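Here's entry.csv, which has CSV, C-alpha atoms:
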```
chain,number,residue,atom,x,y,z
A,1,MET,CA,122.2,105.6,99.3
A,2,SER,CA,121.0,102.2,100.4
A,3,VAL,CA,119.3,99.7,98.1
A,4,ILE,CA,116.0,100.2,100.0
A,5,ASP,CA,116.2,104.0,99.5
A,6,ASP,CA,117.1,103.4,95.9
A,7,VAL,CA,114.0,101.2,95.3
A,8,THR,CA,111.9,103.7,97.2
A,9,ALA,CA,113.1,106.6,95.1
A,10,GLU,CA,112.5,104.7,91.8
A,11,LEU,CA,109.0,103.5,92.9
A,12,ALA,CA,108.1,107.1,94.1
A,13,ARG,CA,108.6,108.3,90.5
A,14,LEU,CA,105.6,106.3,89.4
A,15,PRO,CA,102.3,108.3,89.2
A,16,GLY,CA,100.1,108.1,92.2
A,17,ILE,CA,102.9,106.6,94.4
A,18,GLY,CA,104.3,108.9,97.0
A,19,ARG,CA,107.2,108.5,99.3
A,20,LYS,CA,105.4,106.7,102.0
A,21,THR,CA,103.6,104.3,99.7
A,22,ALA,CA,106.9,103.6,97.9
A,23,THR,CA,108.5,102.7,101.3
A,24,ARG,CA,105.6,100.5,102.2
A,25,LEU,CA,105.9,98.7,98.8
A,26,ALA,CA,109.7,98.1,99.3
A,27,PHE,CA,109.1,96.5,102.7
A,28,PHE,CA,106.2,94.6,101.4
A,29,LEU,CA,108.4,93.1,98.7
A,30,LEU,CA,111.1,92.2,101.2
A,31,ARG,CA,108.5,90.2,103.1
A,32,GLN,CA,107.4,88.2,100.1
A,33,PRO,CA,108.5,84.6,99.4
A,34,LYS,CA,111.9,84.1,97.8
A,35,GLY,CA,111.8,84.9,94.1
A,36,SER,CA,108.9,87.4,94.1
A,37,ILE,CA,111.2,90.4,93.8
A,38,GLU,CA,113.2,88.7,91.1
A,39,ARG,CA,110.0,88.0,89.1
A,40,LEU,CA,109.0,91.6,89.2
A,41,ALA,CA,112.5,92.8,88.4
A,42,GLY,CA,112.7,90.3,85.5
A,43,ALA,CA,109.3,91.3,84.1
A,44,LEU,CA,110.3,95.0,84.2
A,45,GLN,CA,113.7,94.1,82.6
A,46,ALA,CA,111.8,92.4,79.7
A,47,LEU,CA,109.5,95.4,79.4
A,48,GLY,CA,112.5,97.7,78.9
A,49,THR,CA,114.3,95.5,76.4
A,50,ARG,CA,111.7,93.5,74.5
A,51,VAL,CA,108.8,95.9,74.1
A,52,ALA,CA,109.0,98.6,71.3
A,53,PRO,CA,106.6,100.6,69.2
A,54,CYS,CA,105.0,98.8,66.2
A,55,ALA,CA,106.5,100.3,63.0
A,56,VAL,CA,103.0,100.5,61.4
A,57,CYS,CA,100.6,101.7,64.1
A,58,GLY,CA,102.9,102.7,67.0
A,59,ALA,CA,101.4,100.4,69.6
A,60,TRP,CA,103.7,98.8,72.1
A,61,SER,CA,104.5,95.3,71.0
A,62,GLU,CA,107.1,92.5,71.4
A,63,VAL,CA,106.8,91.7,67.6
A,64,ASN,CA,107.0,94.1,64.7
A,65,PRO,CA,104.6,94.7,63.2
A,66,CYS,CA,102.3,94.1,66.2
A,67,GLU,CA,99.9,91.2,66.4
A,68,ILE,CA,96.9,93.4,65.4
A,69,CYS,CA,98.7,94.9,62.3
A,70,ALA,CA,99.9,91.4,61.3
A,71,ASP,CA,96.5,89.7,61.8
A,72,PRO,CA,95.1,88.9,58.3
A,73,ARG,CA,91.5,88.9,59.7
A,74,ARG,CA,91.7,92.6,60.6
A,75,ASP,CA,90.3,95.1,58.2
A,76,THR,CA,93.2,97.3,57.3
A,77,GLY,CA,90.8,99.6,55.4
A,78,THR,CA,89.6,101.0,58.7
A,79,VAL,CA,92.0,102.9,60.9
A,80,CYS,CA,91.1,103.9,64.5
A,81,VAL,CA,93.3,106.8,65.7
A,82,VAL,CA,93.9,106.9,69.4
A,83,GLU,CA,96.1,109.2,71.6
A,84,GLU,CA,97.9,106.5,73.6
A,85,ALA,CA,98.8,102.9,73.0
A,86,SER,CA,96.9,102.1,76.3
A,87,ASP,CA,93.7,103.3,74.6
A,88,ILE,CA,93.8,100.3,72.2
A,89,GLY,CA,93.0,97.8,75.0
A,90,ALA,CA,89.8,99.8,75.9
A,91,VAL,CA,88.6,99.5,72.3
A,92,GLU,CA,89.6,95.9,71.9
A,93,ARG,CA,87.7,94.8,75.0
A,94,THR,CA,84.5,95.9,73.3
A,95,GLY,CA,84.9,93.1,70.8
A,96,GLU,CA,83.1,95.4,68.3
A,97,TYR,CA,86.0,96.6,66.3
A,98,ARG,CA,87.7,94.6,63.5
A,99,GLY,CA,89.9,97.4,61.9
A,100,VAL,CA,93.4,98.4,62.8
A,101,TYR,CA,94.8,101.3,64.9
A,102,HIS,CA,97.1,104.3,64.7
A,103,VAL,CA,98.7,105.7,67.9
A,104,LEU,CA,99.4,109.4,67.9
A,105,GLY,CA,101.4,109.3,71.1
A,106,GLY,CA,99.5,112.1,72.8
A,107,HIS,CA,97.4,115.2,71.9
A,108,LEU,CA,98.2,118.6,70.7
A,109,SER,CA,99.1,120.9,73.7
A,110,PRO,CA,100.8,124.1,72.7
A,111,LEU,CA,101.2,125.1,76.4
A,112,ASP,CA,103.2,121.9,77.0
A,113,GLY,CA,105.1,122.4,73.8
A,114,VAL,CA,103.4,119.5,72.0
A,115,GLY,CA,102.9,120.4,68.4
A,116,PRO,CA,101.9,118.3,65.3
A,117,ASP,CA,105.5,117.2,64.7
A,118,ASP,CA,105.6,115.6,68.2
A,119,LEU,CA,102.7,113.3,67.3
A,120,ARG,CA,102.6,110.5,64.7
A,121,ILE,CA,100.4,112.6,62.4
A,122,ALA,CA,102.8,112.6,59.4
A,123,GLN,CA,103.0,108.8,59.7
A,124,LEU,CA,99.2,108.6,59.7
A,125,LYS,CA,99.0,110.8,56.5
A,126,ALA,CA,101.6,108.6,54.8
A,127,ARG,CA,99.7,105.5,55.8
A,128,VAL,CA,96.4,106.7,54.4
A,129,ALA,CA,98.0,108.3,51.3
A,130,ASN,CA,100.2,105.5,50.0
A,131,GLY,CA,97.4,103.6,48.3
A,132,SER,CA,97.2,101.0,51.1
A,133,GLY,CA,93.4,101.0,50.6
A,134,VAL,CA,92.4,102.9,53.8
A,135,ARG,CA,88.7,103.7,53.4
A,136,GLU,CA,87.9,105.2,56.7
A,137,VAL,CA,89.8,106.9,59.6
A,138,ILE,CA,87.9,106.9,62.9
A,139,LEU,CA,89.2,109.7,65.2
A,140,ALA,CA,89.0,108.2,68.7
A,141,THR,CA,91.0,110.8,70.6
A,142,ASN,CA,89.8,111.6,74.0
A,143,PRO,CA,86.6,113.7,74.4
A,144,SER,CA,88.6,116.4,76.1
A,145,MET,CA,89.5,119.9,74.9
A,146,GLU,CA,92.9,118.7,73.7
A,147,GLY,CA,91.4,115.6,72.1
A,148,GLU,CA,88.9,117.6,70.2
A,149,VAL,CA,91.6,120.1,69.0
A,150,THR,CA,93.8,117.2,67.9
A,151,ALA,CA,90.9,115.5,66.1
A,152,THR,CA,90.1,118.7,64.3
A,153,TYR,CA,93.7,119.2,63.3
A,154,VAL,CA,94.1,115.6,62.0
A,155,ARG,CA,90.8,115.9,60.1
A,156,GLY,CA,92.3,119.0,58.3
A,157,VAL,CA,95.5,117.1,57.5
A,158,LEU,CA,93.6,114.2,56.0
A,159,GLY,CA,91.2,116.4,54.1
A,160,PRO,CA,93.1,116.6,50.8
A,161,LEU,CA,93.4,112.8,50.7
A,162,GLY,CA,89.6,112.3,50.2
A,163,VAL,CA,89.4,109.5,52.7
A,164,ARG,CA,86.3,109.2,54.9
A,165,VAL,CA,87.0,110.6,58.3
A,166,THR,CA,84.7,110.0,61.3
A,167,ARG,CA,84.7,111.0,65.0
A,168,ILE,CA,83.7,108.6,67.7
A,169,ALA,CA,80.3,109.7,69.1
A,170,LEU,CA,80.2,111.9,72.2
A,171,GLY,CA,77.2,111.6,74.5
A,172,LEU,CA,76.1,110.2,77.8
A,173,PRO,CA,77.9,107.1,79.0
A,174,VAL,CA,75.9,103.9,79.1
A,175,GLY,CA,74.7,103.4,82.7
A,176,GLY,CA,75.3,107.1,83.5
A,177,ASP,CA,72.9,109.5,85.2
A,178,LEU,CA,71.6,112.6,83.4
A,179,GLU,CA,71.5,114.4,86.8
A,180,TYR,CA,75.2,114.0,87.3
A,181,ALA,CA,76.4,114.5,83.7
A,182,ASP,CA,78.3,117.7,83.1
A,183,GLY,CA,76.6,120.4,80.9
A,184,LEU,CA,78.9,120.0,78.0
A,185,THR,CA,78.3,116.3,77.7
A,186,ILE,CA,74.5,116.8,77.8
A,187,ALA,CA,74.8,119.6,75.2
A,188,ARG,CA,76.8,117.2,72.9
A,189,ALA,CA,74.3,114.4,73.6
A,190,LEU,CA,71.5,116.7,72.6
A,191,THR,CA,73.2,117.9,69.4
A,192,ALA,CA,74.0,114.4,68.4
A,193,ARG,CA,70.4,113.1,69.0
A,194,ARG,CA,69.1,110.7,66.5
A,195,GLU,CA,65.7,109.6,65.2
A,196,MET,CA,64.2,106.9,67.3
A,197,ALA,CA,62.2,104.2,65.6
A,198,GLU,CA,58.7,103.5,66.9
B,1,MET,CA,101.2,86.0,78.1
B,2,SER,CA,102.8,89.2,76.8
B,3,VAL,CA,105.5,91.1,78.6
B,4,ILE,CA,103.1,93.9,79.3
B,5,ASP,CA,100.5,91.5,80.8
B,6,ASP,CA,103.3,89.9,82.8
B,7,VAL,CA,104.4,93.3,84.3
B,8,THR,CA,100.8,94.2,84.9
B,9,ALA,CA,100.2,90.9,86.8
B,10,GLU,CA,103.4,91.4,88.9
B,11,LEU,CA,102.6,95.0,89.8
B,12,ALA,CA,99.0,94.1,90.6
B,13,ARG,CA,100.3,91.8,93.4
B,14,LEU,CA,101.5,94.9,95.3
B,15,PRO,CA,99.2,96.2,98.0
B,16,GLY,CA,96.9,99.0,96.9
B,17,ILE,CA,97.6,98.5,93.3
B,18,GLY,CA,94.7,97.0,91.3
B,19,ARG,CA,94.6,95.7,87.7
B,20,LYS,CA,93.8,99.1,86.2
B,21,THR,CA,96.5,101.0,88.1
B,22,ALA,CA,99.0,98.3,87.2
B,23,THR,CA,98.2,98.6,83.5
B,24,ARG,CA,98.5,102.4,83.8
B,25,LEU,CA,101.9,102.1,85.5
B,26,ALA,CA,103.2,99.7,82.8
B,27,PHE,CA,102.3,102.1,80.0
B,28,PHE,CA,103.7,105.0,82.1
B,29,LEU,CA,107.0,103.2,82.3
B,30,LEU,CA,107.1,102.5,78.6
B,31,ARG,CA,106.7,106.2,77.9
B,32,GLN,CA,109.6,107.2,80.2
B,33,PRO,CA,113.1,108.1,78.8
B,34,LYS,CA,115.4,105.3,77.9
B,35,GLY,CA,116.9,103.6,80.9
B,36,SER,CA,114.1,104.4,83.4
B,37,ILE,CA,112.7,100.9,83.4
B,38,GLU,CA,116.2,99.4,83.7
B,39,ARG,CA,116.9,101.6,86.7
B,40,LEU,CA,113.8,100.4,88.5
B,41,ALA,CA,114.4,96.8,87.5
B,42,GLY,CA,118.0,97.0,88.6
B,43,ALA,CA,117.1,98.6,92.0
B,44,LEU,CA,114.6,95.8,92.6
B,45,GLN,CA,117.1,93.1,91.5
B,46,ALA,CA,119.5,94.6,94.1
B,47,LEU,CA,116.7,94.6,96.7
B,48,GLY,CA,116.2,90.9,96.1
B,49,THR,CA,119.8,89.9,96.2
B,50,ARG,CA,121.7,92.3,98.4
B,51,VAL,CA,119.2,93.0,101.3
B,52,ALA,CA,118.9,90.5,104.1
B,53,PRO,CA,117.9,90.5,107.8
B,54,CYS,CA,120.6,91.7,110.2
B,55,ALA,CA,121.7,88.6,112.3
B,56,VAL,CA,121.5,90.7,115.5
B,57,CYS,CA,118.4,92.8,115.3
B,58,GLY,CA,116.5,91.4,112.3
B,59,ALA,CA,116.3,94.7,110.4
B,60,TRP,CA,116.7,94.7,106.6
B,61,SER,CA,120.3,95.6,105.7
B,62,GLU,CA,122.9,95.3,103.1
B,63,VAL,CA,125.6,94.7,105.7
B,64,ASN,CA,125.6,92.2,108.5
B,65,PRO,CA,125.4,93.2,111.3
B,66,CYS,CA,123.4,96.3,110.2
B,67,GLU,CA,124.7,99.8,110.4
B,68,ILE,CA,122.8,100.6,113.6
B,69,CYS,CA,124.0,97.4,115.4
B,70,ALA,CA,127.6,98.0,114.2
B,71,ASP,CA,127.6,101.7,115.2
B,72,PRO,CA,129.8,102.1,118.3
B,73,ARG,CA,128.0,105.3,119.2
B,74,ARG,CA,124.7,103.5,119.8
B,75,ASP,CA,123.8,102.4,123.3
B,76,THR,CA,123.5,98.6,123.1
B,77,GLY,CA,122.2,98.6,126.6
B,78,THR,CA,118.8,99.8,125.4
B,79,VAL,CA,116.8,97.7,123.0
B,80,CYS,CA,113.7,99.0,121.2
B,81,VAL,CA,111.5,96.1,120.2
B,82,VAL,CA,109.4,96.8,117.0
B,83,GLU,CA,107.0,94.6,115.0
B,84,GLU,CA,108.4,95.3,111.6
B,85,ALA,CA,111.8,96.4,110.2
B,86,SER,CA,109.9,99.3,108.5
B,87,ASP,CA,109.1,100.7,112.0
B,88,ILE,CA,112.7,101.4,112.6
B,89,GLY,CA,112.8,104.3,110.1
B,90,ALA,CA,109.9,106.0,111.9
B,91,VAL,CA,111.7,105.9,115.3
B,92,GLU,CA,115.1,106.9,113.7
B,93,ARG,CA,113.6,110.0,112.1
B,94,THR,CA,112.7,111.4,115.5
B,95,GLY,CA,116.4,111.7,116.2
B,96,GLU,CA,115.6,111.0,119.9
B,97,TYR,CA,116.7,107.4,120.2
B,98,ARG,CA,120.3,106.3,120.6
B,99,GLY,CA,119.7,102.7,121.5
B,100,VAL,CA,119.5,99.7,119.2
B,101,TYR,CA,116.5,97.7,117.9
B,102,HIS,CA,115.0,94.2,117.8
B,103,VAL,CA,112.5,93.3,115.0
B,104,LEU,CA,109.9,90.7,116.0
B,105,GLY,CA,108.7,90.3,112.4
B,106,GLY,CA,105.0,90.8,113.2
B,107,HIS,CA,102.7,90.5,116.2
B,108,LEU,CA,100.9,87.6,117.9
B,109,SER,CA,97.8,86.7,116.0
B,110,PRO,CA,96.3,83.3,116.8
B,111,LEU,CA,93.6,83.7,114.2
B,112,ASP,CA,96.2,84.1,111.5
B,113,GLY,CA,98.2,81.3,113.0
B,114,VAL,CA,101.0,83.6,114.2
B,115,GLY,CA,102.3,82.3,117.5
B,116,PRO,CA,105.4,83.1,119.7
B,117,ASP,CA,107.6,80.8,117.7
B,118,ASP,CA,106.8,82.7,114.5
B,119,LEU,CA,108.2,85.9,115.9
B,120,ARG,CA,111.8,86.6,116.9
B,121,ILE,CA,111.0,86.4,120.6
B,122,ALA,CA,113.5,83.6,121.5
B,123,GLN,CA,116.2,85.6,119.8
B,124,LEU,CA,115.3,88.6,121.9
B,125,LYS,CA,115.4,86.6,125.1
B,126,ALA,CA,118.8,85.2,124.2
B,127,ARG,CA,120.0,88.7,123.3
B,128,VAL,CA,118.9,90.1,126.7
B,129,ALA,CA,120.1,87.0,128.7
B,130,ASN,CA,123.5,86.4,127.3
B,131,GLY,CA,125.2,89.0,129.5
B,132,SER,CA,125.5,91.5,126.7
B,133,GLY,CA,124.7,94.3,129.2
B,134,VAL,CA,121.1,95.1,128.1
B,135,ARG,CA,119.6,97.3,130.8
B,136,GLU,CA,116.3,98.2,129.3
B,137,VAL,CA,113.9,96.7,126.7
B,138,ILE,CA,111.5,99.3,125.3
B,139,LEU,CA,108.4,97.5,123.8
B,140,ALA,CA,107.4,99.6,120.8
B,141,THR,CA,104.9,97.3,119.2
B,142,ASN,CA,102.0,99.0,117.5
B,143,PRO,CA,99.3,100.6,119.8
B,144,SER,CA,96.8,98.1,118.5
B,145,MET,CA,95.1,95.1,120.1
B,146,GLU,CA,97.6,92.7,118.7
B,147,GLY,CA,100.5,95.0,119.5
B,148,GLU,CA,99.4,95.2,123.1
B,149,VAL,CA,99.0,91.4,123.4
B,150,THR,CA,102.4,90.9,121.9
B,151,ALA,CA,104.0,93.5,124.3
B,152,THR,CA,102.3,91.7,127.2
B,153,TYR,CA,103.6,88.3,126.1
B,154,VAL,CA,107.1,89.6,125.5
B,155,ARG,CA,107.1,91.3,128.9
B,156,GLY,CA,106.2,87.9,130.5
B,157,VAL,CA,109.0,86.1,128.6
B,158,LEU,CA,111.6,88.7,129.8
B,159,GLY,CA,110.3,88.7,133.4
B,160,PRO,CA,112.7,86.1,134.8
B,161,LEU,CA,115.7,87.9,133.3
B,162,GLY,CA,115.3,90.9,135.7
B,163,VAL,CA,115.8,93.4,132.9
B,164,ARG,CA,113.9,96.7,133.0
B,165,VAL,CA,111.0,96.5,130.5
B,166,THR,CA,109.1,99.6,129.4
B,167,ARG,CA,106.2,100.1,127.0
B,168,ILE,CA,106.2,103.1,124.6
B,169,ALA,CA,103.6,105.6,125.8
B,170,LEU,CA,100.1,105.6,124.5
B,171,GLY,CA,100.5,109.1,123.0
B,172,LEU,CA,100.0,107.3,119.7
B,173,PRO,CA,96.4,107.0,118.6
B,174,VAL,CA,95.0,103.6,119.6
B,175,GLY,CA,94.4,101.5,116.5
B,176,GLY,CA,97.1,103.4,114.6
B,177,ASP,CA,100.3,102.1,113.0
B,178,LEU,CA,103.8,103.1,114.2
B,179,GLU,CA,105.1,103.3,110.7
B,180,TYR,CA,102.8,106.1,109.8
B,181,ALA,CA,102.9,108.1,113.0
B,182,ASP,CA,104.5,111.6,112.9
B,183,GLY,CA,107.9,112.1,114.5
B,184,LEU,CA,106.8,114.3,117.3
B,185,THR,CA,104.2,111.8,118.5
B,186,ILE,CA,106.8,109.0,118.4
B,187,ALA,CA,109.3,111.2,120.3
B,188,ARG,CA,106.7,112.1,123.0
B,189,ALA,CA,105.7,108.5,123.3
B,190,LEU,CA,109.4,107.5,123.8
B,191,THR,CA,110.0,110.1,126.4
B,192,ALA,CA,106.8,109.1,128.4
B,193,ARG,CA,107.6,105.4,128.3
B,194,ARG,CA,106.6,103.7,131.6
B,195,GLU,CA,107.6,100.7,133.6
B,196,MET,CA,105.6,97.6,132.7
B,197,ALA,CA,104.4,95.4,135.5
B,198,GLU,CA,104.9,91.6,135.0
```
C-alpha cells encoding of this file:
Amino acid sequence: MSVIDDVTAELARLPGIGRKTATRLAFFLLRQPKGSIERLAGALQALGTRVAPCAVCGAWSEVNPCEICADPRRDTGTVCVVEEASDIGAVERTGEYRGVYHVLGGHLSPLDGVGPDDLRIAQLKARVANGSGVREVILATNPSMEGEVTATYVRGVLGPLGVRVTRIALGLPVGGDLEYADGLTIARALTARREMAE
Amino acid sequence: MSVIDDVTAELARLPGIGRKTATRLAFFLLRQPKGSIERLAGALQALGTRVAPCAVCGAWSEVNPCEICADPRRDTGTVCVVEEASDIGAVERTGEYRGVYHVLGGHLSPLDGVGPDDLRIAQLKARVANGSGVREVILATNPSMEGEVTATYVRGVLGPLGVRVTRIALGLPVGGDLEYADGLTIARALTARREMAE
C-alpha cells in the first residue's frame, strides 16, 4: 500500500470523512507549502503522547490534575457531570460556571453494552463521598433518552450520600422557534414553566 | 496554546473542515484505541517526507520515476495531460488507458496570477520534442472554462512539434471536475476523444 493510500485510509476512519474526501485531503496536503504536513503530523503525535485523562475529573489534559481542577479560584463544592470531555468547552464558553467537572465518558446504553461500570460513576461517588466538601452535583448529561436514563441512574447512586443533586434545565433553546420545536421539548418546557414577575 | 487547540487549528486548515468539526475530530481521536493517533500521525509524516513529484510526469510518487512512468507495459507514445496529480487515479480506475501521464499542476487562471510559466507546460513541450517517440498528447484538463483555456493554450504550444493532439470528449458534464467523475463517463470521454485544430 502506498503512503497516499495509507493516509487516505487513516483519514477515512474519521467521522464524516469518506473515501473521496480523504483522498482530496491527502492531495490538498501534498500541495501545501513545505512543513504544513509535518506540523499536522507533529500536532497529532503530541495529541497521542502528551494528552491524557485528568485523574480527578477525567477531562483530557496535558497536566494532571487538569487546569480546571488545579485552579484555586474554582469552587470544588460544585461538580458538573457531563457525558464527554468535549462537553466541558460548551459549558466553559458560557462564562457562567465557576465549579468543577466530572466526565462520565459516555452514557448508559445497554444495547451497545455500555453499563454503569463502563462509565466513571464509581469515581464520581468516591469523589462526592470522601468528605471533599462537594455540596451540589449538577447532572448535565445530554437531553436525550440515554442522557436522561444516565442522569436518573447517577441520581440514584448519589442518593444515599445526601448531597444536593440537580439536573440542567430542559426547555426551548434561546433564539429557537416554538413552531419548529419538537413536541417533547415543548412538553418539557411547559412542565418546567416558572412564575413570571410582573 | 494547548495540544488539543493546536490539533484543532491544524485540522481546521483542511478544506471543508471548520472549527467545530476540527474539535469534534480531535476528541474523536482521543477516544480511539491506543495507537490510532500515532498511526495517523505516522502516515502523515511519511506523506510529508517520502512522497515527491515524479521527475518525468509530475505525479506524486514514493519512487522516481513513478510506477506508471517506470512500467514497461505502458505506452510512452501516448501522454494524457491532466491538471492535478489526483486526476490520474480517476483515469486509472477506468482501466481503459495504457499510456502515460503529464501533470500540469493546475490550469491557467490570470485572475489568480497563474500563467503558463506556473504550470509544467515547458516540461511537456520538452518531453514531446526530445524524440522520445510521443505520437499523441491527450488533453484531459477539466471540462471547465479554465480547463478549456488551458487545453487550447497547450494545443498552441505543441502545434509546431507536429504531434497528434486530442481533447478528451465532452461527455463529462461541463463545469464538473475530472477527479469526481465516474469511471464510465471518463472511459466514454477517452474513447470519443477528437482531433484538436490548431
Sorted by chain and rising residue number, list the residues of chain B at most 8 Å from chain A (counting only C-alpha atoms), each with its closest atom pair and distance in Å to one decimal, as JSON lines.
```
{"residue": "B:Ser2", "atom": "CA", "partner": "A:Glu62", "partner_atom": "CA", "distance": 7.7}
{"residue": "B:Val3", "atom": "CA", "partner": "A:Leu47", "partner_atom": "CA", "distance": 5.9}
{"residue": "B:Ile4", "atom": "CA", "partner": "A:Leu47", "partner_atom": "CA", "distance": 6.6}
{"residue": "B:Asp6", "atom": "CA", "partner": "A:Ala43", "partner_atom": "CA", "distance": 6.3}
{"residue": "B:Val7", "atom": "CA", "partner": "A:Ala43", "partner_atom": "CA", "distance": 5.3}
{"residue": "B:Glu10", "atom": "CA", "partner": "A:Leu40", "partner_atom": "CA", "distance": 5.6}
{"residue": "B:Leu11", "atom": "CA", "partner": "A:Leu40", "partner_atom": "CA", "distance": 7.3}
{"residue": "B:Leu14", "atom": "CA", "partner": "A:Leu25", "partner_atom": "CA", "distance": 6.8}
{"residue": "B:Pro15", "atom": "CA", "partner": "A:Leu25", "partner_atom": "CA", "distance": 7.2}
{"residue": "B:Arg24", "atom": "CA", "partner": "A:Ser86", "partner_atom": "CA", "distance": 7.7}
{"residue": "B:Leu25", "atom": "CA", "partner": "A:Leu14", "partner_atom": "CA", "distance": 6.8}
{"residue": "B:Phe27", "atom": "CA", "partner": "A:Ser86", "partner_atom": "CA", "distance": 6.5}
{"residue": "B:Phe28", "atom": "CA", "partner": "A:Leu14", "partner_atom": "CA", "distance": 7.7}
{"residue": "B:Leu29", "atom": "CA", "partner": "A:Leu14", "partner_atom": "CA", "distance": 7.9}
{"residue": "B:Leu30", "atom": "CA", "partner": "A:Gly48", "partner_atom": "CA", "distance": 7.2}
{"residue": "B:Gly35", "atom": "CA", "partner": "A:Gly48", "partner_atom": "CA", "distance": 7.6}
{"residue": "B:Ile37", "atom": "CA", "partner": "A:Gly48", "partner_atom": "CA", "distance": 5.5}
{"residue": "B:Glu38", "atom": "CA", "partner": "A:Gln45", "partner_atom": "CA", "distance": 6.0}
{"residue": "B:Arg39", "atom": "CA", "partner": "A:Glu10", "partner_atom": "CA", "distance": 7.4}
{"residue": "B:Leu40", "atom": "CA", "partner": "A:Glu10", "partner_atom": "CA", "distance": 5.6}
{"residue": "B:Ala41", "atom": "CA", "partner": "A:Ala41", "partner_atom": "CA", "distance": 4.5}
{"residue": "B:Gly42", "atom": "CA", "partner": "A:Ala41", "partner_atom": "CA", "distance": 6.9}
{"residue": "B:Ala43", "atom": "CA", "partner": "A:Val7", "partner_atom": "CA", "distance": 5.2}
{"residue": "B:Leu44", "atom": "CA", "partner": "A:Ala41", "partner_atom": "CA", "distance": 5.6}
{"residue": "B:Gln45", "atom": "CA", "partner": "A:Ala41", "partner_atom": "CA", "distance": 5.6}
{"residue": "B:Ala46", "atom": "CA", "partner": "A:Val3", "partner_atom": "CA", "distance": 6.5}
{"residue": "B:Leu47", "atom": "CA", "partner": "A:Val3", "partner_atom": "CA", "distance": 5.9}
{"residue": "B:Gly48", "atom": "CA", "partner": "A:Ile37", "partner_atom": "CA", "distance": 5.5}
{"residue": "B:Arg50", "atom": "CA", "partner": "A:Val3", "partner_atom": "CA", "distance": 7.8}
{"residue": "B:Val51", "atom": "CA", "partner": "A:Val3", "partner_atom": "CA", "distance": 7.4}
{"residue": "B:Glu62", "atom": "CA", "partner": "A:Val3", "partner_atom": "CA", "distance": 7.6}
{"residue": "B:Ala85", "atom": "CA", "partner": "A:Phe27", "partner_atom": "CA", "distance": 8.0}
{"residue": "B:Ser86", "atom": "CA", "partner": "A:Phe27", "partner_atom": "CA", "distance": 6.5}
```
Exercise. Looking at B:Gly156, B:Gly99, B:Pro33, B:Gly18, which one is nearest to Cys57 of chain B, with distances taken over only C-alpha atoms?
Worked result: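 Answer, going by the shortest atom-to-atom distance: B:Gly99.
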Exercise. What separation in Å, quoted to one decimal, exists between atom CA of Arg98 of chain B and atom CA of Asp75 of chain B?
Worked result: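 Between atom CA of Arg98 of chain B and atom CA of Asp75 of chain B the gap works out to 5.9 Å.
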Problem set entry | Atom pair atom CA of Asp182 of chain B / atom CA of Glu92 of chain B: separation (Å) |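 Computing it gives 11.6 Å between the two atoms.
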Exercise. Just how far from atom CA of Tyr180 of chain B is atom CA of Val114 of chain B, in Å to one decimal?
Worked result: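 About the pair atom CA of Val114 of chain B and atom CA of Tyr180 of chain B: they are 23.0 Å apart.
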Problem set entry | Proximity to Thr141 of chain B - best of B:Lys125, B:Arg155, B:His107, B:Arg120, all atoms listed in the file | B:His107
Problem set entry | Top pick for closest residue to Val154 of chain B, considering B:Gly183, B:Ser132, B:Asp112, B:Ile121 and counting only C-alpha atoms | B:Ile121
Exercise. Neighbours of Ala181 of chain A within 10 Å (all atoms listed in the file; same-chain residues fewer than 6 positions away dropped), as a VMD selection string?
Worked result: chain A and resid 171 to 173
For this session: With a distance cut-off of 12 Å and all atoms listed in the file, select the neighbouring residues of Leu124 of chain A, excluding the residue or stretch itself and same-chain residues fewer than 3 positions from it, and output the selection as a VMD selection string.
Result: chain A and resid 55 to 58 79 to 82 101 to 105 116 to 117 119 to 121 127 to 130 132 134 137 to 139 154 to 155 157 to 158 161
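Nearest residue to Tyr153 of chain B, choosing from B:Val165, B:Val100, B:Cys54, B:Ile68 and counting all atoms listed in the file: B:Val165.
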Exercise. What lies within 7 Å of Ile168 of chain B using all atoms listed in the file, ignoring chain neighbours under 2 positions off, as a VMD selection string?
Worked result: chain B and resid 138 to 140 166 170 189 to 190 193
Deliver the residues from the most recent selection as a file, using C-alpha atoms, as a short mmCIF file (atom, residue, chain, number, x, y, z; two decimals), in the frame of the given file.
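Contents of the output file selection.cif:
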```
data_model
loop_
_atom_site.label_atom_id
_atom_site.label_comp_id
_atom_site.auth_asym_id
_atom_site.auth_seq_id
_atom_site.Cartn_x
_atom_site.Cartn_y
_atom_site.Cartn_z
CA ILE B 138 111.50 99.30 125.30
CA LEU B 139 108.40 97.50 123.80
CA ALA B 140 107.40 99.60 120.80
CA THR B 166 109.10 99.60 129.40
CA LEU B 170 100.10 105.60 124.50
CA ALA B 189 105.70 108.50 123.30
CA LEU B 190 109.40 107.50 123.80
CA ARG B 193 107.60 105.40 128.30
#
```
